[in-house]
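Trainee: Enclosed is the structure file my_file34.txt (compact mmCIF, C-alpha atoms).
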# COMPACT_ATOMS: atom_id res chain seq x y z
CA MET A 507 -89.58 -84.36 80.81
CA LYS A 508 -87.11 -87.03 79.69
CA TYR A 509 -85.13 -86.87 76.48
CA GLY A 510 -82.48 -89.03 74.91
CA PHE A 511 -81.73 -87.32 71.59
CA LEU A 512 -79.31 -85.05 69.89
CA PHE A 513 -80.78 -82.20 67.90
CA GLY A 514 -79.08 -80.71 64.87
CA GLY A 515 -79.72 -77.84 62.47
CA ALA A 516 -80.36 -74.13 62.78
CA VAL A 517 -83.02 -73.54 63.69
CA GLY A 518 -107.48 -51.07 86.35
CA VAL A 519 -110.37 -50.05 85.68
CA LEU A 520 -112.36 -48.84 82.69
CA PHE A 521 -114.43 -45.64 82.65
CA ALA A 522 -118.12 -46.35 83.30
CA ALA A 523 -119.27 -46.37 79.68
CA LEU A 524 -118.26 -45.39 76.15
CA LEU A 525 -120.81 -43.50 74.09
CA ALA A 526 -121.21 -45.16 70.70
CA GLY A 527 -119.13 -43.37 68.08
CA CYS A 528 -117.73 -40.86 70.57
CA ASP A 529 -113.99 -40.29 70.25
CA LYS A 530 -113.73 -37.05 72.27
CA PHE A 531 -112.66 -36.83 75.87
CA GLU A 532 -112.27 -34.17 78.50
CA ASP A 533 -108.77 -32.86 79.13
CA LEU A 534 -106.64 -35.02 81.36
CA PRO A 535 -107.08 -33.80 84.95
CA ASN A 536 -104.11 -32.21 86.65
CA GLU A 537 -104.48 -34.55 89.60
CA VAL A 538 -105.34 -38.22 89.57
CA GLU A 539 -106.35 -39.76 92.86
CA VAL A 540 -103.99 -42.55 93.73
CA GLU A 541 -104.97 -45.13 96.32
CA ALA A 542 -102.50 -47.46 97.98
CA ASP A 543 -104.87 -49.08 100.46
CA ASN A 544 -103.94 -52.74 100.97
CA GLY A 545 -101.34 -52.40 98.24
CA PHE A 546 -104.02 -52.66 95.52
CA ILE A 547 -102.79 -51.54 92.12
CA THR A 548 -105.16 -50.80 89.24
CA LEU A 549 -104.02 -50.85 85.64
CA GLU A 550 -105.71 -47.53 84.93
CA GLU A 551 -103.83 -45.62 87.62
CA VAL A 552 -100.50 -47.06 86.48
CA ALA A 553 -101.23 -45.97 82.89
CA GLN A 554 -102.26 -42.51 84.08
CA LEU A 555 -99.13 -42.17 86.17
CA LEU A 556 -96.94 -43.24 83.24
CA SER A 557 -98.62 -40.56 81.10
CA THR A 558 -97.37 -37.83 83.49
CA VAL A 559 -93.75 -38.97 83.37
CA PRO A 560 -91.43 -36.81 81.21
CA LEU A 561 -90.37 -39.68 78.99
CA GLY A 562 -87.28 -39.26 76.90
CA ARG A 563 -85.53 -41.43 74.36
CA ASP A 564 -83.55 -43.29 77.03
CA GLN A 565 -86.63 -44.38 78.97
CA VAL A 566 -88.45 -45.52 75.83
CA ALA A 567 -85.33 -47.39 74.74
CA GLU A 568 -85.26 -49.11 78.15
CA VAL A 569 -88.82 -50.38 77.70
CA GLN A 570 -88.02 -51.47 74.17
CA GLU A 571 -84.96 -53.39 75.33
CA GLY A 572 -86.90 -55.18 78.07
CA SER A 573 -89.79 -56.01 75.72
CA THR A 574 -87.65 -57.33 72.89
CA ALA A 575 -85.50 -59.31 75.34
CA SER A 576 -88.64 -61.05 76.61
CA ALA A 577 -89.67 -61.86 73.04
CA GLY A 578 -86.20 -63.25 72.35
CA ASN A 579 -86.56 -65.55 75.35
CA GLY A 580 -89.78 -67.05 74.00
CA TYR A 581 -92.29 -64.79 75.77
CA ASP A 582 -94.50 -61.90 74.67
CA GLU A 583 -93.21 -58.36 74.10
CA GLU A 584 -93.50 -57.49 77.79
CA TYR A 585 -91.56 -55.54 80.41
CA ARG A 586 -92.53 -56.45 83.96
CA MET A 587 -92.65 -53.84 86.70
CA ARG A 588 -90.60 -56.13 88.93
CA ASP A 589 -87.82 -56.04 86.33
CA LEU A 590 -88.28 -52.33 85.73
CA PHE A 591 -87.58 -51.65 89.41
CA SER A 592 -84.97 -54.34 90.12
CA ALA A 593 -83.04 -54.66 86.85
CA PRO A 594 -83.91 -51.99 84.25
CA GLY A 595 -84.01 -53.25 80.68
CA THR A 596 -84.18 -56.92 81.65
CA GLY A 597 -86.68 -59.16 79.90
CA VAL A 598 -88.65 -62.14 81.19
CA GLY A 599 -86.44 -65.19 81.49
CA ALA A 600 -83.18 -63.25 81.66
CA ASP A 601 -80.66 -63.41 84.48
CA PRO A 602 -80.53 -59.89 85.98
CA SER A 603 -76.85 -60.37 86.81
CA THR A 604 -76.04 -60.58 83.10
CA LYS A 605 -77.54 -57.18 82.37
CA ALA A 606 -74.75 -55.09 80.89
CA SER A 607 -76.61 -51.94 79.80
CA ALA A 608 -76.74 -48.91 82.08
CA TYR A 609 -79.31 -46.13 82.03
CA SER A 610 -78.45 -42.67 83.29
CA ARG A 611 -82.05 -42.10 84.41
CA PRO A 612 -84.00 -45.37 84.38
CA LEU A 613 -87.77 -45.23 84.18
CA ARG A 614 -88.11 -46.32 87.81
CA GLU A 615 -86.66 -42.97 88.95
CA LEU A 616 -89.19 -41.00 86.92
CA LEU A 617 -92.03 -43.16 88.21
CA ARG A 618 -90.86 -42.65 91.79
CA GLU A 619 -90.77 -38.86 91.35
CA ALA A 620 -94.22 -38.85 89.73
CA ALA A 621 -95.71 -41.02 92.50
CA GLU A 622 -94.23 -38.86 95.24
CA ALA A 623 -95.67 -35.74 93.58
CA ARG A 624 -99.12 -37.32 93.36
CA PHE A 625 -99.17 -38.54 96.95
CA ALA A 626 -98.13 -35.07 98.11
CA THR A 627 -101.47 -33.70 96.88
CA LYS A 628 -104.45 -33.37 99.20
CA SER A 629 -106.58 -35.68 97.07
CA ALA A 630 -104.26 -38.66 97.47
CA THR A 631 -104.20 -41.02 100.39
CA GLY A 632 -101.51 -43.45 101.45
CA ASP A 633 -97.77 -43.49 101.04
CA ALA A 634 -95.82 -43.25 97.79
CA SER A 635 -93.14 -45.73 98.91
CA ALA A 636 -95.71 -48.35 99.90
CA TRP A 637 -97.55 -47.92 96.60
CA LEU A 638 -94.34 -48.24 94.61
CA ASP A 639 -93.34 -51.33 96.60
CA SER A 640 -96.71 -52.87 95.78
CA LEU A 641 -96.27 -52.03 92.12
CA ALA A 642 -92.79 -53.54 92.02
CA ALA A 643 -94.08 -56.77 93.61
CA SER A 644 -97.18 -57.03 91.40
CA ASP A 645 -97.77 -58.82 88.11
CA VAL A 646 -98.29 -55.49 86.30
CA GLN A 647 -96.25 -54.97 83.16
CA ILE A 648 -95.91 -52.85 80.02
CA TYR A 649 -96.86 -54.75 76.87
CA TRP A 650 -95.48 -53.17 73.69
CA PRO A 651 -96.66 -54.94 70.52
CA GLY A 652 -94.17 -54.37 67.74
CA ALA A 653 -91.50 -52.95 70.06
CA GLU A 654 -88.77 -53.99 67.64
CA ASN A 655 -90.15 -51.56 65.03
CA TRP A 656 -89.68 -48.39 67.12
CA ASP A 657 -88.02 -45.61 65.12
CA GLY A 658 -85.97 -44.40 68.07
CA SER A 659 -87.74 -41.08 68.52
CA GLN A 660 -91.58 -41.23 68.55
CA LEU A 661 -93.13 -41.19 72.01
CA PRO A 662 -95.69 -43.88 72.85
CA VAL A 663 -99.41 -43.73 73.39
CA ILE A 664 -100.17 -45.28 76.78
CA THR A 665 -103.31 -47.28 77.57
CA TYR A 666 -104.36 -50.21 79.76
CA ASP A 667 -106.28 -53.46 79.50
CA PRO A 668 -109.92 -52.64 80.36
CA GLY A 669 -110.87 -56.31 80.65
CA ASP A 670 -114.18 -57.93 79.67
CA GLY A 671 -112.88 -58.62 76.17
CA ALA A 672 -113.03 -54.96 75.12
CA GLU A 673 -111.30 -54.05 71.87
CA ARG A 674 -111.15 -50.24 72.40
CA ASN A 675 -110.17 -48.08 75.32
CA GLU A 676 -109.00 -44.60 76.17
CA GLY A 677 -105.33 -43.83 75.85
CA TYR A 678 -102.94 -41.02 76.62
CA GLU A 679 -100.83 -39.55 73.84
CA LEU A 680 -97.57 -38.02 74.99
CA LEU A 681 -96.83 -34.90 72.94
CA PRO A 682 -93.34 -33.45 72.35
CA ASP A 683 -94.19 -30.30 74.36
CA GLY A 684 -94.87 -32.41 77.44
CA SER A 685 -98.67 -32.19 77.29
CA VAL A 686 -101.00 -35.18 77.22
CA LYS A 687 -103.94 -35.75 74.87
CA LYS A 688 -106.67 -38.30 75.36
CA LEU A 689 -107.75 -40.42 72.42
CA MET A 690 -109.34 -43.74 71.56
CA VAL A 691 -107.03 -46.72 71.19
CA ASP A 692 -107.58 -49.90 69.20
CA GLU A 693 -105.40 -52.66 67.79
CA GLN A 694 -104.90 -50.87 64.48
CA MET A 695 -103.11 -48.07 66.32
CA SER A 696 -100.63 -50.58 67.73
CA LEU A 697 -99.65 -51.41 64.13
CA GLU A 698 -99.05 -47.79 63.21
CA ARG A 699 -97.18 -46.24 66.13
CA PRO A 700 -95.56 -47.02 69.50
CA LEU A 701 -98.23 -48.17 71.95
CA TRP A 702 -97.78 -49.29 75.55
CA VAL A 703 -100.51 -51.37 77.15
CA VAL A 704 -100.44 -51.68 80.93
CA ASN A 705 -101.69 -55.20 81.62
CA ARG A 706 -100.89 -58.18 83.82
CA ASN A 707 -98.31 -60.84 83.20
CA SER A 708 -99.63 -64.35 82.59
CA ASP A 709 -96.68 -66.32 81.24
CA ALA A 710 -93.59 -65.57 83.33
CA ASP A 711 -94.28 -68.46 85.73
CA TYR A 712 -93.83 -70.92 82.86
CA LYS A 713 -90.49 -71.80 81.36
CA SER A 714 -90.61 -71.13 77.65
CA LEU A 715 -89.53 -73.67 75.07
CA GLU A 716 -86.67 -71.37 74.12
CA LEU A 717 -85.29 -71.35 77.67
CA GLN A 718 -85.61 -75.11 77.93
CA ARG A 719 -83.53 -75.49 74.79
CA ARG A 720 -80.80 -73.29 76.20
CA GLU A 721 -80.65 -75.30 79.43
CA ASP A 722 -80.44 -78.64 77.64
CA PRO A 723 -78.18 -78.81 74.56
CA ASN A 724 -80.09 -81.90 73.40
CA TRP A 725 -83.06 -79.67 72.61
CA GLY A 726 -81.26 -77.89 69.79
CA ASN A 727 -82.45 -74.63 68.29
CA GLY A 728 -85.67 -75.65 66.55
CA GLY A 729 -85.91 -76.80 62.95
CA GLY A 730 -83.33 -79.05 61.32
CA ASP A 731 -82.85 -82.75 61.90
CA ILE A 732 -83.03 -84.92 65.00
CA LEU A 733 -80.54 -87.71 65.48
CA VAL A 734 -81.97 -90.45 67.69
CA THR A 735 -79.13 -91.90 69.73
CA LYS A 736 -81.03 -94.95 71.08
CA ALA A 737 -79.99 -98.31 69.62
CA ASP A 738 -83.41 -99.93 70.12
CA GLU A 739 -85.01 -99.96 66.67
CA GLU A 740 -88.44 -100.82 68.09
CA LEU A 741 -88.67 -97.46 69.84
CA GLN A 742 -89.79 -94.35 68.01
CA THR A 743 -89.63 -90.65 68.83
CA LEU A 744 -92.68 -88.39 68.47
CA VAL A 745 -91.68 -84.85 67.59
CA LEU A 746 -93.72 -81.67 67.18
CA ARG A 747 -91.99 -80.29 64.12
CA SER A 748 -93.95 -77.07 63.69
CA PHE A 749 -96.95 -75.13 64.97
CA LYS A 750 -99.27 -72.61 63.31
CA ALA A 751 -102.06 -70.71 65.09
CA HIS A 752 -104.96 -69.40 63.01
CA ARG A 753 -106.50 -67.12 65.65
CA GLN A 754 -105.94 -65.26 68.90
CA TYR A 755 -107.95 -66.28 71.92
CA ASP A 756 -108.07 -63.07 73.98
CA SER A 757 -108.53 -59.34 73.51
CA TRP A 758 -105.47 -57.72 71.97
CA PHE A 759 -105.00 -55.73 75.20
CA SER A 760 -103.92 -59.00 76.83
CA GLY A 761 -101.18 -59.68 74.30
CA GLY A 762 -100.49 -62.94 72.52
CA SER A 763 -101.62 -66.47 73.30
CA GLU A 764 -99.96 -68.82 75.75
CA ILE A 765 -100.67 -72.29 74.39
CA MET A 766 -100.05 -75.06 76.91
CA VAL A 767 -99.15 -78.32 75.19
CA ARG A 768 -99.55 -81.46 77.32
CA LEU A 769 -99.32 -85.10 76.33
CA GLY A 770 -99.79 -88.14 78.55
CA SER A 771 -98.13 -91.38 77.54
CA VAL A 772 -96.32 -94.48 78.81
CA GLU A 773 -92.79 -94.42 77.53
CA HIS A 774 -90.72 -97.50 76.63
CA PHE A 775 -93.65 -99.84 77.38
CA LYS A 776 -92.54 -103.45 76.86
CA ALA A 777 -94.44 -105.41 79.50
CA THR A 778 -94.65 -109.17 79.05
CA THR A 779 -96.08 -110.06 82.48
CA GLU A 780 -98.68 -108.51 84.78
CA ALA A 781 -95.96 -107.73 87.32
CA GLU A 782 -94.07 -105.73 84.70
CA MET A 783 -97.21 -103.93 83.60
CA ARG A 784 -97.84 -102.64 87.13
CA GLN A 785 -94.42 -101.02 87.14
CA TYR A 786 -95.33 -98.56 84.40
CA VAL A 787 -96.73 -95.15 85.27
CA PRO A 788 -97.77 -92.48 82.77
CA SER A 789 -95.60 -89.46 82.13
CA ILE A 790 -96.75 -86.01 81.01
CA THR A 791 -94.86 -83.83 78.57
CA ASP A 792 -95.72 -80.21 79.41
CA PHE A 793 -94.49 -77.00 77.80
CA MET A 794 -95.73 -73.56 76.73
CA ILE A 795 -95.79 -72.04 73.26
CA VAL A 796 -96.19 -68.26 73.16
CA VAL A 797 -97.75 -67.06 69.92
CA ARG A 798 -97.35 -63.30 69.57
CA ARG A 799 -100.12 -61.56 67.69
CA SER A 800 -97.79 -60.87 64.78
CA GLN A 801 -97.18 -64.63 64.50
CA VAL A 802 -100.79 -65.67 63.87
CA GLY A 803 -100.86 -67.54 60.57
CA GLU A 804 -97.09 -68.06 60.64
CA THR A 805 -95.52 -71.52 60.75
CA LEU A 806 -93.24 -71.71 63.78
CA PRO A 807 -90.56 -74.45 63.85
CA PHE A 808 -90.17 -76.21 67.21
CA ASN A 809 -88.68 -79.71 67.11
CA ALA A 810 -90.16 -80.32 70.55
CA VAL A 811 -90.13 -83.93 71.72
CA LEU A 812 -93.55 -85.18 72.83
CA VAL A 813 -92.77 -88.87 73.42
CA SER A 814 -89.14 -89.90 73.63
CA GLU A 815 -89.58 -93.69 73.60
CA TRP A 816 -92.75 -94.84 71.83
CA SER A 817 -92.84 -98.63 71.76
CA ARG A 818 -95.06 -100.71 69.51
CA GLN A 819 -97.19 -101.63 72.51
CA LEU A 820 -98.24 -98.00 73.05
CA ILE A 821 -101.44 -97.70 71.01
CA SER A 822 -102.54 -94.13 71.83
CA VAL A 823 -101.65 -91.10 73.90
CA ALA A 824 -103.75 -88.38 75.54
CA PHE A 825 -103.13 -85.00 73.91
CA CYS A 826 -104.34 -81.59 75.10
CA MET A 827 -103.72 -78.00 74.03
CA THR A 828 -105.19 -75.09 75.99
CA GLU A 829 -104.81 -71.32 75.91
CA ASP A 830 -103.92 -70.33 79.46
CA ASP A 831 -106.42 -67.97 81.12
CA GLY A 832 -105.91 -69.00 84.74
CA GLY A 833 -108.65 -69.82 87.21
CA THR A 834 -108.99 -72.79 89.50
CA GLN A 835 -106.67 -75.64 88.61
CA SER A 836 -108.35 -78.95 87.91
CA GLN A 837 -107.49 -81.99 85.83
CA TRP A 838 -108.63 -83.67 82.65
CA ALA A 839 -109.01 -87.38 83.35
CA ALA A 840 -107.75 -89.03 80.19
CA SER A 841 -105.98 -92.26 79.37
CA ALA A 842 -103.13 -93.63 77.33
CA THR A 843 -103.75 -97.03 75.75
CA VAL A 844 -101.24 -99.85 75.79
CA LYS A 845 -101.36 -103.41 74.43
CA TYR A 846 -100.51 -106.25 76.75
CA ASN A 847 -100.98 -109.94 76.02
CA SER A 848 -102.88 -109.08 72.80
CA LYS A 849 -105.40 -106.93 74.72
CA SER A 850 -105.71 -103.15 75.02
CA TYR A 851 -105.66 -101.45 78.41
CA GLY A 852 -106.20 -97.84 79.36
CA ILE A 853 -103.78 -96.27 81.81
CA ASP A 854 -105.22 -93.24 83.60
CA VAL A 855 -103.55 -89.88 82.99
CA GLN A 856 -104.42 -86.70 84.91
CA ILE A 857 -103.57 -83.69 82.75
CA PRO A 858 -103.64 -80.26 84.47
CA ILE A 859 -106.11 -77.70 83.16
CA ASN A 860 -107.47 -74.38 84.49
CA SER A 861 -111.15 -73.50 84.81
CA ARG A 862 -110.90 -70.41 82.57
CA ASP A 863 -108.67 -71.94 79.92
CA ASP A 864 -109.77 -72.03 76.29
CA ILE A 865 -109.66 -75.60 75.00
CA VAL A 866 -107.75 -75.54 71.72
CA TRP A 867 -107.97 -79.33 71.22
CA ARG A 868 -107.98 -82.44 73.37
CA GLY A 869 -108.50 -86.13 72.75
CA ALA A 870 -106.67 -89.37 72.04
CA LEU A 871 -104.04 -89.67 69.30
CA SER A 872 -103.42 -93.19 68.07
CA HIS A 873 -100.10 -94.45 66.78
CA ASP A 874 -101.73 -95.44 63.49
CA TYR A 875 -103.17 -91.96 62.97
CA ILE A 876 -99.90 -90.22 63.72
CA GLN A 877 -97.97 -92.64 61.52
CA LYS A 878 -100.40 -92.05 58.64
CA TYR A 879 -99.93 -88.27 58.76
CA SER A 880 -96.34 -88.22 60.00
CA GLY A 881 -94.55 -85.17 58.65
CA GLN A 882 -97.76 -83.65 57.26
CA SER A 883 -99.62 -80.55 58.42
CA VAL A 884 -102.82 -81.52 60.26
CA ARG A 885 -105.50 -79.18 61.62
CA PHE A 886 -106.36 -79.50 65.34
CA GLY A 887 -109.05 -76.93 66.04
CA ASP A 888 -107.60 -73.51 65.29
CA VAL A 889 -104.00 -74.65 65.05
CA GLU A 890 -102.03 -76.73 62.56
CA LEU A 891 -99.38 -79.17 63.73
CA VAL A 892 -96.74 -81.17 61.95
CA LEU A 893 -96.15 -84.31 64.03
CA GLU A 894 -93.50 -86.80 63.04
CA LEU A 895 -92.60 -90.27 64.24
CA ILE A 896 -88.93 -91.04 63.83
Would you mind giving the structure from this file in structure tokens?

Mentor:
Amino acid sequence: MKYGFLFGGAVGVLFAALLAGCDKFEDLPNEVEVEADNGFITLEEVAQLLSTVPLGRDQVAEVQEGSTASAGNGYDEEYRMRDLFSAPGTGVGADPSTKASAYSRPLRELLREAAEARFATKSATGDASAWLDSLAASDVQIYWPGAENWDGSQLPVITYDPGDGAERNEGYELLPDGSVKKLMVDEQMSLERPLWVVNRNSDADYKSLELQRREDPNWGNGGGDILVTKADEELQTLVLRSFKAHRQYDSWFSGGSEIMVRLGSVEHFKATTEAEMRQYVPSITDFMIVVRRSQVGETLPFNAVLVSEWSRQLISVAFCMTEDDGGTQSQWAASATVKYNSKSYGIDVQIPINSRDDIVWRGALSHDYIQKYSGQSVRFGDVELVLELI
């Protein structure tokens, strides 16, 4: 992405079936079979192993620190296993070398002891070290909704993402005497007490808007005013001032929504001859907005630049918002429209999209439309945007 501005202002596996209305479970078995064949890690076995660890305040505080650090870096409240093993307490997007906190007994040591004990039983096959190495290299993580609200003493209930859009699952309640109780878990419980969900990371490969701002001082801190430093008065700047999501797109076990915002345009288009016109190629603005579940319905300030140099000859842009669910990567064949020699021409734009993504909104946005509603809140599907031309 190209910017020429100065920002200002402050800115595993589910049990076979659940009987309808049944909230009772058998006691947690003393031994859980753990398989390490081919390094395959299931979410259920990780949750079960975590439920046998003698968690104390320090270990829970470690998970809280990692989760809240991720949230502060523009991601969900998540603590990846790769960080748990390599740099305890580090959140997504953080530099492990900057980690100043020290833990006398980090959670990785307790997990290693628990895994070694399990693999020493006759029912287990494989090697504890190989299994732990696979876990540390996987995309498994602990998701803790509302981690910042922990009271500093209550132990968590541990569950896992059962998949298939389920909204309830079994969980393991850690009791002060060291015993474990099975119970049913739903989203309401996550609002009332500490709850860890073992799921898979889906956003760490993307650089959050927050991290992009820190790398480039011109991005500012969100909110406030933007000072356009270009002297060309014919060029405008299209800015996404704020964003509000009205719904979540996945089961709560998966965490918040990762909204991919992509816009295809032709910047600084001022062609006066056919030769000049052929020199222009479309550019794609591409960034991720993470909307935590607690932020649904909340207006989030962004001040993210969508088009840095919008000339009067650029008639429309191709705009797409998707909720990232992975799958096979393909492209949306769209076009940006420019005016040359008093005629309109479409310039092809290939915008990346995944086969399992939820389409939030996509289509063409004309300059006239954006100008008409500049600075106003406009509904695009299940989100509201404030777009402004400066």

Trainee: Do you have the atom CA of Pro668 of chain A-atom CA of Phe546 of chain A distance handy?

Mentor: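 Interatomic distance, atom CA of Pro668 of chain A to atom CA of Phe546 of chain A: 16.3 Å.
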
Trainee: Between A:Arg798, A:Asp670, A:Arg563, A:Gln882, which residue has the minimum interatomic distance to Gly578 of chain A, considering only C-alpha atoms?

Mentor: A:Arg798

Trainee: Enter the distance from atom CA of Thr548 of chain A to atom CA of Pro662 of chain A, in Å, rounded to one decimal.

Mentor: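 Interatomic distance, atom CA of Thr548 of chain A to atom CA of Pro662 of chain A: 20.2 Å.
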
Trainee: Check the smallest atom-to-atom distance from each of A:Asp888, A:Glu676, A:Glu815, A:Glu829 to Asn860 of chain A using all atoms listed in the file, then report the winner.

Mentor: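 Of the candidates, the smallest distance to Asn860 of chain A is held by A:Glu829.
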
Trainee: Which residue is closest to Leu746 of chain A? Choose from A:Glu551, A:Glu890, A:Asp874, A:Asp854 and count all atoms listed in the file.

Mentor: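 Among the listed residues, A:Glu890 lies closest to Leu746 of chain A.
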
Trainee: Would you pick out the contacts of Val691 of chain A at 8 Å or less, using only C-alpha atoms, so that residues sharing its chain but fewer than 3 positions from it are not included, and give the list as a list in words?

Mentor: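 With the cut-off at 8 Å, the set is Thr665, Arg674, Asn675, Glu676, Gly677 and Met695 of chain A.
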
Trainee: Can I get the residues of segment 775-886 of chain A within 9 Å of segment 697-720 of chain A, each with the closest pair of atoms and their distance in Å to one decimal, using all atoms listed in the file, sorted chain first then ascending number, as CSV?

Mentor:
residue,atom,partner,partner_atom,distance
A:Phe793,CA,A:Leu715,CA,6.6
A:Met794,CA,A:Ser714,CA,5.7
A:Ile795,CA,A:Leu715,CA,6.7
A:Val796,CA,A:Ser714,CA,7.7
A:Phe808,CA,A:Leu715,CA,8.3
A:Ala810,CA,A:Leu715,CA,8.1
A:Asp830,CA,A:Ser708,CA,8.0
A:Asp831,CA,A:Ser708,CA,7.8
A:Gly832,CA,A:Ser708,CA,8.1

Trainee: Provide the atom CA of Arg611 of chain A to atom CA of Gln565 of chain A distance in Å, to one decimal place.

Mentor: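 Atom-to-atom, atom CA of Arg611 of chain A to atom CA of Gln565 of chain A, that is 7.5 Å.
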
Trainee: Between A:Glu615, A:Glu583, A:Glu764, A:Asp792, single out the one closest to Trp650 of chain A, counting all atoms listed in the file.

Mentor: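 Of A:Glu615, A:Glu583, A:Glu764, A:Asp792, the one nearest Trp650 of chain A is A:Glu583, counting all atoms listed in the file.
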
Trainee: If we count all atoms listed in the file, what is near Val646 of chain A at a cut-off of 12 Å, once residues fewer than 2 positions away on the same chain are taken out, given as an MDAnalysis selection string?

Mentor: chainID A and resid 518 546:553 584:591 638 640:644 648:649 666:667 703:708 710 760

Trainee: Residues within 9 Å of Ala621 of chain A, please, as a list of chain:residue names. Count only C-alpha atoms; anything in the same chain fewer than 4 positions from it doesn't count.

Mentor: A:Val540, A:Leu555, A:Leu616, A:Leu617, A:Phe625, A:Ala626, A:Ala634, A:Ser635, A:Trp637, A:Leu638

Trainee: Atoms are missing here; could segment 862-875 of chain A be completed with N, CA, C and O atoms and written as a compact mmCIF listing (two decimals), in the coordinates of the input?

Mentor:
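Output saved as rebuild.txt:
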# COMPACT_ATOMS: atom_id res chain seq x y z
N ARG A 862 -110.62 -71.45 83.55
CA ARG A 862 -110.90 -70.41 82.57
C ARG A 862 -110.14 -70.60 81.25
O ARG A 862 -110.23 -69.75 80.36
N ASP A 863 -109.44 -71.70 81.14
CA ASP A 863 -108.67 -71.94 79.92
C ASP A 863 -109.58 -72.14 78.71
O ASP A 863 -110.68 -72.70 78.82
N ASP A 864 -109.12 -71.69 77.55
CA ASP A 864 -109.77 -72.03 76.29
C ASP A 864 -109.22 -73.38 75.83
O ASP A 864 -108.00 -73.56 75.77
N ILE A 865 -110.11 -74.30 75.50
CA ILE A 865 -109.66 -75.60 75.00
C ILE A 865 -109.37 -75.45 73.51
O ILE A 865 -110.27 -75.20 72.70
N VAL A 866 -108.12 -75.58 73.13
CA VAL A 866 -107.75 -75.54 71.72
C VAL A 866 -108.08 -76.88 71.07
O VAL A 866 -108.72 -76.94 70.02
N TRP A 867 -107.65 -77.97 71.70
CA TRP A 867 -107.97 -79.33 71.22
C TRP A 867 -107.57 -80.31 72.30
O TRP A 867 -106.57 -80.12 72.99
N ARG A 868 -108.38 -81.36 72.47
CA ARG A 868 -107.98 -82.44 73.37
C ARG A 868 -108.66 -83.74 72.92
O ARG A 868 -109.77 -83.73 72.38
N GLY A 869 -107.97 -84.82 73.14
CA GLY A 869 -108.50 -86.13 72.75
C GLY A 869 -107.36 -87.14 72.70
O GLY A 869 -106.23 -86.87 73.14
N ALA A 870 -107.66 -88.32 72.16
CA ALA A 870 -106.67 -89.37 72.04
C ALA A 870 -106.05 -89.33 70.64
O ALA A 870 -106.74 -89.11 69.65
N LEU A 871 -104.75 -89.56 70.57
CA LEU A 871 -104.04 -89.67 69.30
C LEU A 871 -103.48 -91.08 69.22
O LEU A 871 -102.67 -91.50 70.05
N SER A 872 -103.91 -91.82 68.21
CA SER A 872 -103.42 -93.19 68.07
C SER A 872 -102.11 -93.21 67.28
O SER A 872 -101.82 -92.31 66.48
N HIS A 873 -101.35 -94.28 67.51
CA HIS A 873 -100.10 -94.45 66.78
C HIS A 873 -100.37 -94.55 65.28
O HIS A 873 -99.65 -93.95 64.46
N ASP A 874 -101.43 -95.27 64.91
CA ASP A 874 -101.73 -95.44 63.49
C ASP A 874 -102.05 -94.10 62.83
O ASP A 874 -101.64 -93.84 61.69
N TYR A 875 -102.80 -93.27 63.53
CA TYR A 875 -103.17 -91.96 62.97
C TYR A 875 -101.93 -91.09 62.78
O TYR A 875 -101.74 -90.47 61.73
